[in-house]
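So this block is model_4.txt, compact mmCIF, C-alpha atoms:
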# COMPACT_ATOMS: atom_id res chain seq x y z
CA MET R 1231 33.03 75.01 86.66
CA ARG R 1232 32.82 72.07 84.29
CA THR R 1233 30.09 69.51 84.75
CA ILE R 1234 30.96 66.09 86.13
CA GLU R 1235 30.54 64.59 82.65
CA GLN R 1236 33.06 67.10 81.30
CA TYR R 1237 35.46 66.70 84.21
CA LEU R 1238 35.79 62.93 84.51
CA PRO R 1239 37.31 62.12 81.07
CA ASP R 1240 40.26 64.45 81.76
CA HIS R 1241 40.93 63.06 85.20
CA PRO R 1242 43.93 60.70 85.36
CA PHE R 1243 42.13 58.34 87.73
CA PHE R 1244 39.50 57.64 85.11
CA ALA R 1245 41.92 57.34 82.19
CA GLY R 1246 41.21 54.05 80.47
CA LEU R 1247 37.46 54.07 81.00
CA ASP R 1248 35.57 54.38 77.74
CA ALA R 1249 32.70 56.83 77.22
CA PRO R 1250 29.88 54.42 78.13
CA ALA R 1251 31.68 53.41 81.32
CA LEU R 1252 32.31 57.04 82.21
CA ALA R 1253 28.64 57.79 81.71
CA LEU R 1254 27.72 54.96 84.09
CA VAL R 1255 30.18 56.23 86.69
CA ALA R 1256 29.04 59.83 86.29
CA GLY R 1257 25.50 58.70 86.99
CA CYS R 1258 26.57 57.89 90.55
CA ALA R 1259 28.35 61.22 91.11
CA THR R 1260 27.49 64.59 92.59
CA ASN R 1261 29.49 67.76 93.25
CA VAL R 1262 30.13 68.51 96.91
CA SER R 1263 32.02 71.18 98.81
CA PHE R 1264 33.45 71.41 102.30
CA ALA R 1265 34.60 74.32 104.40
CA ALA R 1266 37.95 74.13 106.16
CA GLY R 1267 37.51 71.86 109.17
CA ASP R 1268 34.53 69.97 107.79
CA PHE R 1269 34.77 66.20 107.79
CA LEU R 1270 34.20 64.26 104.58
CA PHE R 1271 33.75 61.17 106.73
CA ARG R 1272 34.49 59.93 110.24
CA GLU R 1273 35.95 56.68 111.47
CA GLY R 1274 33.30 54.00 112.09
CA GLU R 1275 30.61 55.59 109.94
CA PRO R 1276 29.16 53.67 106.99
CA ALA R 1277 31.45 54.04 103.98
CA ASP R 1278 29.03 54.78 101.19
CA GLN R 1279 31.06 57.22 99.12
CA PHE R 1280 34.43 58.02 97.67
CA PHE R 1281 35.70 61.38 96.52
CA VAL R 1282 37.76 62.84 93.71
CA VAL R 1283 39.18 66.12 95.00
CA ARG R 1284 38.82 68.98 92.51
CA ARG R 1285 40.35 71.72 94.66
CA GLY R 1286 41.67 72.09 98.18
CA ARG R 1287 43.28 69.55 100.50
CA VAL R 1288 41.97 66.72 102.65
CA ALA R 1289 43.78 65.29 105.68
CA ILE R 1290 43.43 61.61 106.53
CA GLU R 1291 43.57 61.36 110.29
CA VAL R 1292 43.60 58.79 113.02
CA HIS R 1293 43.11 59.37 116.72
CA GLY R 1294 44.90 57.62 119.55
CA PRO R 1295 44.94 58.16 123.29
CA ALA R 1296 48.68 58.87 123.53
CA ALA R 1297 49.44 60.61 120.25
CA GLY R 1298 46.16 62.46 119.96
CA THR R 1299 45.04 63.14 116.40
CA MET R 1300 47.69 62.45 113.77
CA VAL R 1301 47.56 63.29 110.07
CA VAL R 1302 48.83 60.22 108.26
CA ASP R 1303 48.24 61.40 104.70
CA THR R 1304 46.91 64.31 102.71
CA VAL R 1305 45.03 64.28 99.44
CA ASP R 1306 45.23 67.21 97.06
CA ALA R 1307 43.38 68.30 93.94
CA GLY R 1308 43.34 65.49 91.41
CA ASP R 1309 43.65 62.73 93.99
CA VAL R 1310 41.11 60.22 95.24
CA VAL R 1311 39.89 59.72 98.83
CA GLY R 1312 38.24 56.65 100.23
CA TRP R 1313 38.49 52.91 99.59
CA SER R 1314 36.23 51.50 102.28
CA TRP R 1315 33.15 51.78 100.03
CA LEU R 1316 34.64 48.88 98.09
CA VAL R 1317 35.59 46.60 100.95
CA ALA R 1318 33.11 44.95 103.31
CA PRO R 1319 31.93 45.79 105.94
CA TYR R 1320 31.95 49.24 104.27
CA ARG R 1321 32.95 51.33 107.29
CA TRP R 1322 35.48 54.15 107.37
CA LEU R 1323 38.70 53.32 109.20
CA PHE R 1324 40.02 56.90 109.32
CA ASP R 1325 38.70 60.43 109.50
CA ALA R 1326 38.94 62.67 106.44
CA ARG R 1327 38.96 66.41 107.18
CA ALA R 1328 39.07 69.33 104.77
CA VAL R 1329 42.25 71.27 105.60
CA GLU R 1330 41.06 74.17 103.48
CA ALA R 1331 37.96 74.94 101.40
CA THR R 1332 37.63 71.82 99.29
CA GLY R 1333 35.56 70.89 96.28
CA ALA R 1334 35.12 67.28 95.23
CA VAL R 1335 33.10 64.90 93.17
CA ALA R 1336 31.40 62.42 95.49
CA PHE R 1337 30.57 58.97 94.15
CA ASP R 1338 27.78 56.93 95.68
CA GLY R 1339 29.44 53.63 96.61
CA GLN R 1340 26.23 51.63 96.75
CA CYS R 1341 25.23 52.93 93.32
CA LEU R 1342 28.66 52.08 91.89
CA ARG R 1343 28.74 48.63 93.48
CA GLY R 1344 25.33 47.92 91.99
CA LYS R 1345 26.46 48.94 88.52
CA CYS R 1346 29.65 46.90 88.86
CA ASP R 1347 27.63 43.85 89.90
CA GLN R 1348 25.47 44.27 86.81
CA ASP R 1349 28.41 44.99 84.49
CA PRO R 1350 31.46 42.90 85.51
CA ARG R 1351 33.55 44.55 82.78
CA LEU R 1352 32.94 47.95 84.37
CA GLY R 1353 33.68 46.42 87.76
CA TYR R 1354 36.98 44.98 86.54
CA ASP R 1355 38.06 48.22 84.87
CA LEU R 1356 37.13 50.25 87.92
CA MET R 1357 38.91 47.77 90.20
CA LYS R 1358 42.10 48.12 88.14
CA LEU R 1359 41.99 51.90 88.54
CA VAL R 1360 41.37 51.69 92.25
CA THR R 1361 44.06 49.05 92.72
CA GLN R 1362 46.66 51.20 90.98
CA VAL R 1363 46.09 54.07 93.40
CA MET R 1364 45.89 51.72 96.39
CA PHE R 1365 49.20 50.15 95.29
CA GLY R 1366 50.89 53.55 95.21
CA ARG R 1367 49.58 54.39 98.66
CA LEU R 1368 50.69 50.99 100.02
CA VAL R 1369 54.24 51.46 98.69
CA ALA R 1370 54.38 54.95 100.16
CA ALA R 1371 53.06 53.73 103.50
CA ARG R 1372 55.62 50.91 103.63
CA LEU R 1373 58.48 53.30 102.90
CA ARG R 1374 57.30 55.69 105.57
CA LEU R 1375 57.20 52.78 108.02
CA LEU R 1376 61.00 52.67 107.64
CA ASP R 1377 61.22 56.11 109.25
CA LEU R 1378 63.85 57.00 106.66
CA TYR R 1379 64.52 60.44 108.09
CA GLY R 1380 64.76 59.34 111.69
CA SER R 1381 68.09 59.03 113.46
CA THR R 1382 67.96 55.23 113.77
CA GLY R 1383 70.88 53.77 111.84
CA SER R 1384 72.70 57.07 111.47
CA THR R 1385 76.20 57.20 112.84
CA ASP R 1386 79.04 59.67 112.96
CA ALA R 1387 80.74 57.96 110.03
CA ASN R 1388 77.57 58.39 108.02
CA PRO R 1389 75.68 61.13 109.82
CA GLY R 1390 72.69 61.19 107.54
CA MET H 1336 86.51 60.74 85.22
CA GLN H 1337 90.03 60.14 86.55
CA THR H 1338 91.05 56.78 87.87
CA LEU H 1339 92.45 56.58 91.35
CA ALA H 1340 95.94 56.01 89.93
CA GLU H 1341 95.69 59.11 87.75
CA TRP H 1342 94.45 61.16 90.69
CA ARG H 1343 97.39 60.13 92.84
CA THR H 1344 99.84 61.36 90.20
CA VAL H 1345 98.46 64.88 90.29
CA GLN H 1346 97.30 65.30 93.88
CA PRO H 1347 99.99 65.33 96.54
CA VAL H 1348 98.71 63.55 99.63
CA ASN H 1349 101.42 64.92 101.89
CA GLY H 1350 99.64 67.02 104.47
CA ALA H 1351 96.22 65.85 103.32
CA MET H 1352 95.53 64.43 106.76
CA VAL H 1353 96.43 67.63 108.58
CA PRO H 1354 93.38 69.72 109.42
CA ARG H 1355 93.26 73.48 109.18
CA LEU H 1356 91.98 75.37 112.17
CA PHE H 1357 88.60 77.06 112.01
CA ARG H 1358 86.92 79.01 114.78
CA LEU H 1359 83.21 78.61 115.48
CA THR H 1360 81.91 82.18 115.15
CA ASP H 1361 78.18 81.47 115.28
CA ARG H 1362 75.81 78.58 115.73
CA ARG H 1363 72.15 78.12 114.89
CA GLN H 1364 69.91 75.36 116.23
CA ASP H 1365 67.82 74.31 113.20
CA THR H 1366 65.79 71.49 114.76
CA ALA H 1367 65.91 69.49 117.97
CA ASP H 1368 68.90 67.45 116.76
CA THR H 1369 70.33 69.52 113.89
CA PHE H 1370 72.41 72.67 114.01
CA THR H 1371 74.40 74.86 111.64
CA MET H 1372 77.93 75.98 112.42
CA MET H 1373 79.53 79.13 110.99
CA LEU H 1374 83.28 78.66 110.83
CA GLU H 1375 86.04 81.16 110.09
CA PRO H 1376 89.63 80.11 109.29
CA THR H 1377 92.08 81.16 111.96
CA ASP H 1378 94.67 81.92 109.26
CA GLY H 1379 92.22 84.13 107.35
CA ALA H 1380 92.42 82.10 104.12
CA ALA H 1381 88.88 81.23 103.05
CA LEU H 1382 88.12 77.66 102.07
CA SER H 1383 87.01 77.42 98.44
CA PHE H 1384 84.56 74.68 97.51
CA ILE H 1385 81.90 73.78 94.97
CA PRO H 1386 78.31 72.87 95.90
CA GLY H 1387 78.05 69.20 96.84
CA GLN H 1388 81.54 68.82 98.30
CA PHE H 1389 82.21 67.82 101.89
CA THR H 1390 84.90 68.38 104.47
CA MET H 1391 86.21 66.25 107.31
CA LEU H 1392 85.36 68.07 110.53
CA SER H 1393 87.43 67.34 113.64
CA ALA H 1394 86.36 67.65 117.22
CA PHE H 1395 89.82 67.44 118.71
CA GLY H 1396 90.31 64.52 121.05
CA VAL H 1397 87.08 62.90 119.89
CA GLY H 1398 87.27 62.23 116.15
CA GLU H 1399 86.49 63.28 112.61
CA VAL H 1400 83.30 63.17 110.52
CA PRO H 1401 82.48 63.85 106.86
CA ILE H 1402 79.97 66.69 106.59
CA SER H 1403 78.77 68.37 103.39
CA VAL H 1404 79.08 72.12 103.13
CA SER H 1405 75.65 73.74 103.48
CA GLY H 1406 76.50 77.37 102.71
CA ALA H 1407 76.87 79.32 99.49
CA ALA H 1408 79.95 78.76 97.34
CA HIS H 1409 81.92 81.55 95.73
CA VAL H 1410 80.75 84.20 98.18
CA ALA H 1411 82.47 85.76 101.14
CA GLY H 1412 81.39 84.64 104.56
CA PRO H 1413 81.85 81.85 107.02
CA LEU H 1414 82.08 78.19 106.05
CA GLN H 1415 78.71 76.67 106.92
CA HIS H 1416 78.07 73.10 107.95
CA THR H 1417 74.69 71.74 108.99
CA VAL H 1418 75.17 68.79 111.30
CA ARG H 1419 72.89 66.23 112.86
CA ASP H 1420 73.79 65.15 116.37
CA VAL H 1421 73.81 61.36 116.04
CA GLY H 1422 77.09 60.10 117.51
CA ALA H 1423 80.14 60.86 119.61
CA VAL H 1424 81.83 63.27 117.20
CA THR H 1425 78.73 65.10 116.05
CA HIS H 1426 77.69 65.33 119.70
CA ALA H 1427 81.06 66.91 120.50
CA LEU H 1428 80.53 69.33 117.60
CA ALA H 1429 77.08 70.11 118.99
CA ARG H 1430 78.63 70.98 122.35
CA THR H 1431 81.31 73.21 120.82
CA SER H 1432 80.94 76.77 122.05
CA VAL H 1433 81.25 79.89 119.93
CA GLY H 1434 84.90 80.91 119.97
CA GLN H 1435 86.27 77.38 120.16
CA VAL H 1436 88.45 75.94 117.39
CA LEU H 1437 87.70 72.90 115.20
CA GLY H 1438 89.71 71.09 112.55
CA VAL H 1439 88.70 71.13 108.89
CA ARG H 1440 90.19 69.02 106.09
CA GLY H 1441 89.09 69.37 102.50
CA PRO H 1442 86.96 70.19 100.64
CA TYR H 1443 86.71 66.77 99.07
CA GLY H 1444 84.72 64.96 96.44
CA THR H 1445 82.66 65.81 93.42
CA GLY H 1446 80.04 68.54 93.22
CA TRP H 1447 76.52 68.82 91.86
CA ASP H 1448 77.76 70.73 88.77
CA VAL H 1449 74.39 72.42 88.67
CA ALA H 1450 75.58 74.66 85.82
CA ASP H 1451 74.98 71.62 83.58
CA GLY H 1452 71.30 72.41 84.02
CA ALA H 1453 71.57 75.87 82.48
CA GLY H 1454 69.09 76.39 79.68
CA GLY H 1455 66.69 73.83 81.13
CA ASP H 1456 64.76 73.06 84.28
CA VAL H 1457 66.40 72.04 87.56
CA VAL H 1458 64.67 69.80 90.08
CA LEU H 1459 66.22 69.34 93.52
CA VAL H 1460 64.78 66.58 95.69
CA ALA H 1461 65.79 66.41 99.33
CA GLY H 1462 64.95 63.95 102.08
CA GLY H 1463 65.55 64.87 105.72
CA ILE H 1464 68.95 66.40 106.33
CA GLY H 1465 69.65 65.87 102.61
CA LEU H 1466 68.46 69.42 102.11
CA ALA H 1467 71.70 70.67 103.66
CA PRO H 1468 74.05 69.36 100.93
CA LEU H 1469 71.58 70.59 98.29
CA ARG H 1470 71.34 74.10 99.73
CA PRO H 1471 74.58 75.32 98.08
CA ALA H 1472 73.21 74.12 94.72
CA VAL H 1473 69.94 76.01 95.29
CA LEU H 1474 71.87 79.15 96.22
CA GLU H 1475 74.06 78.74 93.13
CA VAL H 1476 70.97 78.53 90.92
CA LEU H 1477 69.46 81.58 92.60
CA THR H 1478 72.67 83.54 92.01
CA HIS H 1479 72.29 82.88 88.28
CA ARG H 1480 68.50 82.49 88.21
CA GLN H 1481 68.13 83.81 84.65
CA ARG H 1482 70.23 80.95 83.27
CA TYR H 1483 67.67 78.34 84.27
CA GLY H 1484 64.10 77.53 83.35
CA LYS H 1485 61.83 76.25 86.05
CA VAL H 1486 63.49 75.52 89.36
CA VAL H 1487 61.76 73.11 91.69
CA VAL H 1488 62.65 72.07 95.23
CA LEU H 1489 60.86 68.99 96.55
CA TYR H 1490 61.47 68.34 100.21
CA GLY H 1491 60.30 65.51 102.40
CA THR H 1492 61.06 65.16 106.06
CA ARG H 1493 59.82 63.40 109.14
CA SER H 1494 57.52 65.96 110.75
CA PRO H 1495 56.87 69.71 110.64
CA GLU H 1496 59.25 70.09 113.59
CA ASP H 1497 62.05 68.55 111.51
CA LEU H 1498 61.86 71.04 108.63
CA LEU H 1499 65.26 72.50 107.86
CA PHE H 1500 65.70 76.10 106.67
CA ALA H 1501 61.92 76.64 107.00
CA ASP H 1502 62.13 80.42 106.68
CA GLU H 1503 64.51 80.15 103.76
CA LEU H 1504 62.11 77.91 101.84
CA LYS H 1505 59.63 80.79 101.72
CA GLY H 1506 62.38 83.09 100.47
CA TRP H 1507 63.21 80.67 97.67
CA GLU H 1508 59.56 80.71 96.61
CA ASN H 1509 59.72 84.50 96.42
CA GLN H 1510 62.67 84.14 94.06
CA GLY H 1511 60.78 82.05 91.55
CA VAL H 1512 61.41 78.57 92.91
CA GLU H 1513 58.52 76.13 93.16
CA VAL H 1514 58.90 74.64 96.64
CA LEU H 1515 56.78 71.63 97.57
CA VAL H 1516 57.14 70.21 101.07
CA THR H 1517 55.75 67.06 102.58
CA VAL H 1518 56.18 65.34 105.94
CA ASP H 1519 55.75 61.73 107.04
CA TYR H 1520 53.17 62.67 109.65
CA GLY H 1521 51.71 65.79 111.20
CA THR H 1522 49.29 67.07 113.76
CA PRO H 1523 46.01 68.77 112.80
CA SER H 1524 47.69 72.18 113.07
CA TRP H 1525 49.90 71.27 110.07
CA THR H 1526 48.14 72.48 106.91
CA GLY H 1527 50.82 71.29 104.49
CA ARG H 1528 51.18 67.98 102.73
CA VAL H 1529 51.65 64.61 104.43
CA GLY H 1530 53.08 61.79 102.35
CA LEU H 1531 56.16 60.48 100.62
CA VAL H 1532 58.43 62.92 98.78
CA THR H 1533 58.14 60.89 95.58
CA THR H 1534 54.45 61.82 95.38
CA LEU H 1535 55.51 65.43 94.77
CA ILE H 1536 57.26 64.57 91.51
CA ALA H 1537 54.02 64.18 89.58
CA ARG H 1538 52.73 67.50 90.97
CA ALA H 1539 55.75 69.66 90.20
CA GLY H 1540 55.78 71.80 87.08
CA PHE H 1541 58.90 70.93 85.08
CA ASP H 1542 59.75 69.62 81.65
CA PRO H 1543 61.43 66.24 82.17
CA ARG H 1544 63.08 66.37 78.75
CA SER H 1545 65.18 69.37 79.75
CA THR H 1546 65.57 68.61 83.44
CA LEU H 1547 68.68 68.15 85.53
CA ALA H 1548 67.64 66.46 88.78
CA LEU H 1549 69.72 66.51 91.97
CA VAL H 1550 68.69 64.12 94.72
CA CYS H 1551 69.99 63.88 98.28
CA GLY H 1552 68.66 61.87 101.18
CA PRO H 1553 68.59 58.36 102.59
CA GLU H 1554 69.63 55.83 99.95
CA ILE H 1555 66.24 54.11 99.79
CA MET H 1556 64.58 57.49 99.29
CA MET H 1557 67.04 58.32 96.49
CA ARG H 1558 66.37 55.00 94.74
CA PHE H 1559 62.62 55.50 94.71
CA THR H 1560 62.95 59.18 93.83
CA ALA H 1561 65.26 58.47 90.90
CA GLY H 1562 62.80 55.83 89.71
CA ALA H 1563 59.91 58.29 89.87
CA LEU H 1564 61.91 60.97 88.05
CA ILE H 1565 62.87 58.54 85.30
CA GLU H 1566 59.27 57.34 85.06
CA ARG H 1567 58.24 60.95 84.52
CA GLY H 1568 60.73 61.17 81.66
CA VAL H 1569 63.98 62.53 83.13
CA ARG H 1570 67.02 60.86 81.53
CA PRO H 1571 68.91 58.62 84.00
CA ASP H 1572 72.20 60.33 83.18
CA ARG H 1573 70.54 63.65 84.12
CA VAL H 1574 69.70 62.42 87.62
CA ARG H 1575 72.46 62.89 90.19
CA VAL H 1576 72.55 61.44 93.67
CA SER H 1577 74.82 62.08 96.64
CA LEU H 1578 76.02 58.85 98.21
CA GLU H 1579 77.04 58.34 101.79
CA ARG H 1580 79.48 55.71 102.90
CA ASN H 1581 81.60 55.20 105.95
CA MET H 1582 84.51 57.61 105.38
CA ARG H 1583 87.76 57.96 107.24
CA CYS H 1584 90.58 59.57 105.23
CA GLY H 1585 88.51 61.43 102.62
CA VAL H 1586 91.33 61.25 100.08
CA GLY H 1587 91.09 57.75 98.68
CA LEU H 1588 93.76 56.10 100.78
CA CYS H 1589 91.98 54.04 103.42
CA GLY H 1590 89.26 52.35 101.38
CA HIS H 1591 86.54 52.68 104.02
CA CYS H 1592 84.18 54.28 101.51
CA GLN H 1593 84.94 51.89 98.65
CA TYR H 1594 81.80 51.01 96.72
CA ARG H 1595 82.93 48.24 94.37
CA GLU H 1596 85.01 50.16 91.78
CA LEU H 1597 84.18 53.56 93.28
CA PHE H 1598 85.71 55.47 96.14
CA VAL H 1599 82.83 57.63 97.31
CA CYS H 1600 85.24 60.23 98.72
CA LEU H 1601 86.92 60.68 95.32
CA ASP H 1602 84.46 59.56 92.65
CA GLY H 1603 81.55 60.89 94.70
CA PRO H 1604 79.75 61.82 96.77
CA VAL H 1605 77.78 63.20 93.81
CA LEU H 1606 77.39 60.64 91.02
CA ALA H 1607 75.17 60.26 87.99
CA TYR H 1608 72.36 57.86 88.78
CA ASP H 1609 72.96 55.73 85.68
CA ARG H 1610 76.47 55.06 87.01
CA VAL H 1611 75.33 53.74 90.38
CA ALA H 1612 71.81 52.45 89.75
CA GLY H 1613 73.08 48.89 89.37
CA LEU H 1614 75.10 49.14 92.59
CA LEU H 1615 72.31 50.52 94.75
CA GLY H 1616 70.38 47.29 94.44
CA VAL H 1617 73.30 45.05 95.35
CA ARG H 1618 72.95 43.65 98.83
CA GLU H 1619 75.77 43.94 101.33
CA LEU H 1620 77.78 46.19 98.98
Target encoding structure tokens, full file:
Amino acid sequence: MRTIEQYLPDHPFFAGLDAPALALVAGCATNVSFAAGDFLFREGEPADQFFVVRRGRVAIEVHGPAAGTMVVDTVDAGDVVGWSWLVAPYRWLFDARAVEATGAVAFDGQCLRGKCDQDPRLGYDLMKLVTQVMFGRLVAARLRLLDLYGSTGSTDANPG
Amino acid sequence: MQTLAEWRTVQPVNGAMVPRLFRLTDRRQDTADTFTMMLEPTDGAALSFIPGQFTMLSAFGVGEVPISVSGAAHVAGPLQHTVRDVGAVTHALARTSVGQVLGVRGPYGTGWDVADGAGGDVVLVAGGIGLAPLRPAVLEVLTHRQRYGKVVVLYGTRSPEDLLFADELKGWENQGVEVLVTVDYGTPSWTGRVGLVTTLIARAGFDPRSTLALVCGPEIMMRFTAGALIERGVRPDRVRVSLERNMRCGVGLCGHCQYRELFVCLDGPVLAYDRVAGLLGVREL
């Protein structure tokens, strides 16, 4: 397996960060692994990390009294999990569970926030990367709100 | 492409509104609200169609609906239609018993012309029941698998319980098709993907420069999917979508399905995306 320093430059999420910035980011990172069923984080816990998934799959879940536990998103190899480390009060709003054996790079949120505070350029560049992924997820979430595949709006003349 | 006037000079419309009789010989419940009908002509003359075309199905005494053919073209066997029970006519079709007779007009409209993808990669993107009209194209590709490069099926639907042709998807994988499935939401027992179908486009292994992409699903889904395909590098004229509009006659006479200069029943339902991209964003059209 490649080291974190070798892995990050090839990862699309970090595209655009120069070598010094990547080195700063890598300094806050460690390799982690989870067995199927393990939780990366649980709702309400302090959000002090985010993860870049290297292999496996992570389910983002929410629990409700009527619906039980629902999987609202999955994150596969190459994707990023976790935004709450960046937004006060830094608490997870969802559960993240490894659906299968999962390897990831975990980034220490407090460490990264500290480096971003010290180096606003790094903070801005990192914020742009995070925002791009958050934007994609927001668009996808809005489209799924439409329940496009549901029967609402379908008729015999246009049966879907 | 023929104009409507040219079409009328070569296609007699006499008798076009008279359905042929087909007997329901088998029926399969695919999901809670979707079923597939196997139909055999009572006169023994098989109905010839190309993948992507539709017929007008009649439940006598109730009405008629446009439904795409979901079975294989150019092979012997019953005419297959996969139908979602959403209204009076489709509900009557859902209640039709094996042995009863239905009316069938057609086939009508344009096809996927998937053979245009020979020599390159083919990507088929389906949303919800949109997999049914794409199924004949998949089966056509599998019949001539060696003519194509990578073949990818990307399928998004509402929930794991709403997956169409679930067993068949595994069979397609065994025949060299990359099949990626995602659902809008799942329970913890679902180990597959959850998310929008467009997110699969970046994950699929195909060469956009040589790709023919066929897209079928709700119109909003097709717009965003076409955008994602084009962003990945697929040429807009190599993206085809299947439009749905309120149809009545199916032969270009009534105008119910008119879409500005297009009659979806004649010029479509399958159209190149670059031909309709400007129309899809027009409100109240």
Original post:
Residues at most 10 Å from region 1380-1382 of chain H, counting all atoms listed in the file, excluding those fewer than 5 positions away in the same chain, as a list of chain:residue names?
Top reply: H:Arg1355, H:Phe1357, H:Leu1374, H:Glu1375, H:Ala1408, H:His1409, H:Val1410, H:Ala1411, H:Gly1412, H:Pro1413, H:Leu1414, H:Val1439, H:Arg1440, H:Gly1441, H:Pro1442
Subject >> Sphere at (64.0, 69.2, 83.0), radius 12 Å, counting all atoms listed in the file: residues as a ChimeraX atom specification >> reply: /H:1451-1459,1483-1487,1536,1539-1549,1564-1565,1567-1571,1573-1574
**OP:** Using all atoms listed in the file, find which residues of chain R lie within 12 Å of chain H and jot them down as a ChimeraX atom specification.
**Re:** /R:1242,1266-1267,1286-1294,1297-1309,1325-1331,1363,1366-1390
Subject >> Polymer residues at most 9 Å from Ala1450 (chain H), all atoms listed in the file, same-chain spacing of 5 or more positions, as a list in words >> reply: Glu1475, Val1476, Arg1482 and Tyr1483 of chain H
**OP:** One decimal, Å: what's the distance from CA of Gly1350 (chain H) over to CA of Arg1362 (chain H), could you say?
**Re:** 28.8 Å
Working from the structure I just supplied, which lacks atoms in region 1566-1571 of chain H, can you model all heavy atoms there and output them as a PDB file, in the coordinates of the input?
ATOM      1  N   GLU H1566      60.606  57.691  85.553  1.00  0.00           N
ATOM      2  CA  GLU H1566      59.270  57.340  85.060  1.00  0.00           C
ATOM      3  C   GLU H1566      58.565  58.557  84.473  1.00  0.00           C
ATOM      4  O   GLU H1566      57.826  58.461  83.502  1.00  0.00           O
ATOM      5  CB  GLU H1566      58.440  56.759  86.209  1.00  0.00           C
ATOM      6  CG  GLU H1566      57.107  56.177  85.767  1.00  0.00           C
ATOM      7  CD  GLU H1566      56.334  55.575  86.928  1.00  0.00           C
ATOM      8  OE1 GLU H1566      56.959  55.184  87.935  1.00  0.00           O
ATOM      9  OE2 GLU H1566      55.108  55.520  86.832  1.00  0.00           O
ATOM     10  N   ARG H1567      58.853  59.725  85.055  1.00  0.00           N
ATOM     11  CA  ARG H1567      58.240  60.950  84.520  1.00  0.00           C
ATOM     12  C   ARG H1567      58.905  61.393  83.218  1.00  0.00           C
ATOM     13  O   ARG H1567      58.373  62.239  82.497  1.00  0.00           O
ATOM     14  CB  ARG H1567      58.296  62.053  85.578  1.00  0.00           C
ATOM     15  CG  ARG H1567      57.797  63.376  85.069  1.00  0.00           C
ATOM     16  CD  ARG H1567      56.927  64.191  85.951  1.00  0.00           C
ATOM     17  NE  ARG H1567      56.600  65.431  85.246  1.00  0.00           N
ATOM     18  CZ  ARG H1567      56.308  66.558  85.806  1.00  0.00           C
ATOM     19  NH1 ARG H1567      56.231  66.641  87.124  1.00  0.00           N
ATOM     20  NH2 ARG H1567      56.044  67.621  85.082  1.00  0.00           N
ATOM     21  N   GLY H1568      60.099  60.859  82.931  1.00  0.00           N
ATOM     22  CA  GLY H1568      60.730  61.170  81.660  1.00  0.00           C
ATOM     23  C   GLY H1568      62.107  61.812  81.752  1.00  0.00           C
ATOM     24  O   GLY H1568      62.703  62.152  80.719  1.00  0.00           O
ATOM     25  N   VAL H1569      62.634  61.972  82.974  1.00  0.00           N
ATOM     26  CA  VAL H1569      63.980  62.530  83.130  1.00  0.00           C
ATOM     27  C   VAL H1569      64.992  61.448  82.731  1.00  0.00           C
ATOM     28  O   VAL H1569      64.847  60.282  83.113  1.00  0.00           O
ATOM     29  CB  VAL H1569      64.239  62.990  84.579  1.00  0.00           C
ATOM     30  CG1 VAL H1569      65.635  63.596  84.708  1.00  0.00           C
ATOM     31  CG2 VAL H1569      63.179  63.996  85.012  1.00  0.00           C
ATOM     32  N   ARG H1570      66.008  61.832  81.955  1.00  0.00           N
ATOM     33  CA  ARG H1570      67.020  60.860  81.530  1.00  0.00           C
ATOM     34  C   ARG H1570      67.842  60.409  82.738  1.00  0.00           C
ATOM     35  O   ARG H1570      68.247  61.227  83.557  1.00  0.00           O
ATOM     36  CB  ARG H1570      67.947  61.498  80.492  1.00  0.00           C
ATOM     37  CG  ARG H1570      67.340  61.537  79.111  1.00  0.00           C
ATOM     38  CD  ARG H1570      68.220  62.265  78.105  1.00  0.00           C
ATOM     39  NE  ARG H1570      69.626  62.356  78.450  1.00  0.00           N
ATOM     40  CZ  ARG H1570      70.431  63.327  77.995  1.00  0.00           C
ATOM     41  NH1 ARG H1570      69.955  64.278  77.210  1.00  0.00           N
ATOM     42  NH2 ARG H1570      71.705  63.343  78.314  1.00  0.00           N
ATOM     43  N   PRO H1571      68.140  59.111  82.839  1.00  0.00           N
ATOM     44  CA  PRO H1571      68.910  58.620  84.000  1.00  0.00           C
ATOM     45  C   PRO H1571      70.260  59.302  84.164  1.00  0.00           C
ATOM     46  O   PRO H1571      70.709  59.504  85.293  1.00  0.00           O
ATOM     47  CB  PRO H1571      69.080  57.126  83.679  1.00  0.00           C
ATOM     48  CG  PRO H1571      67.924  56.791  82.804  1.00  0.00           C
ATOM     49  CD  PRO H1571      67.653  58.017  81.982  1.00  0.00           C
TER      50      PRO H1571
END
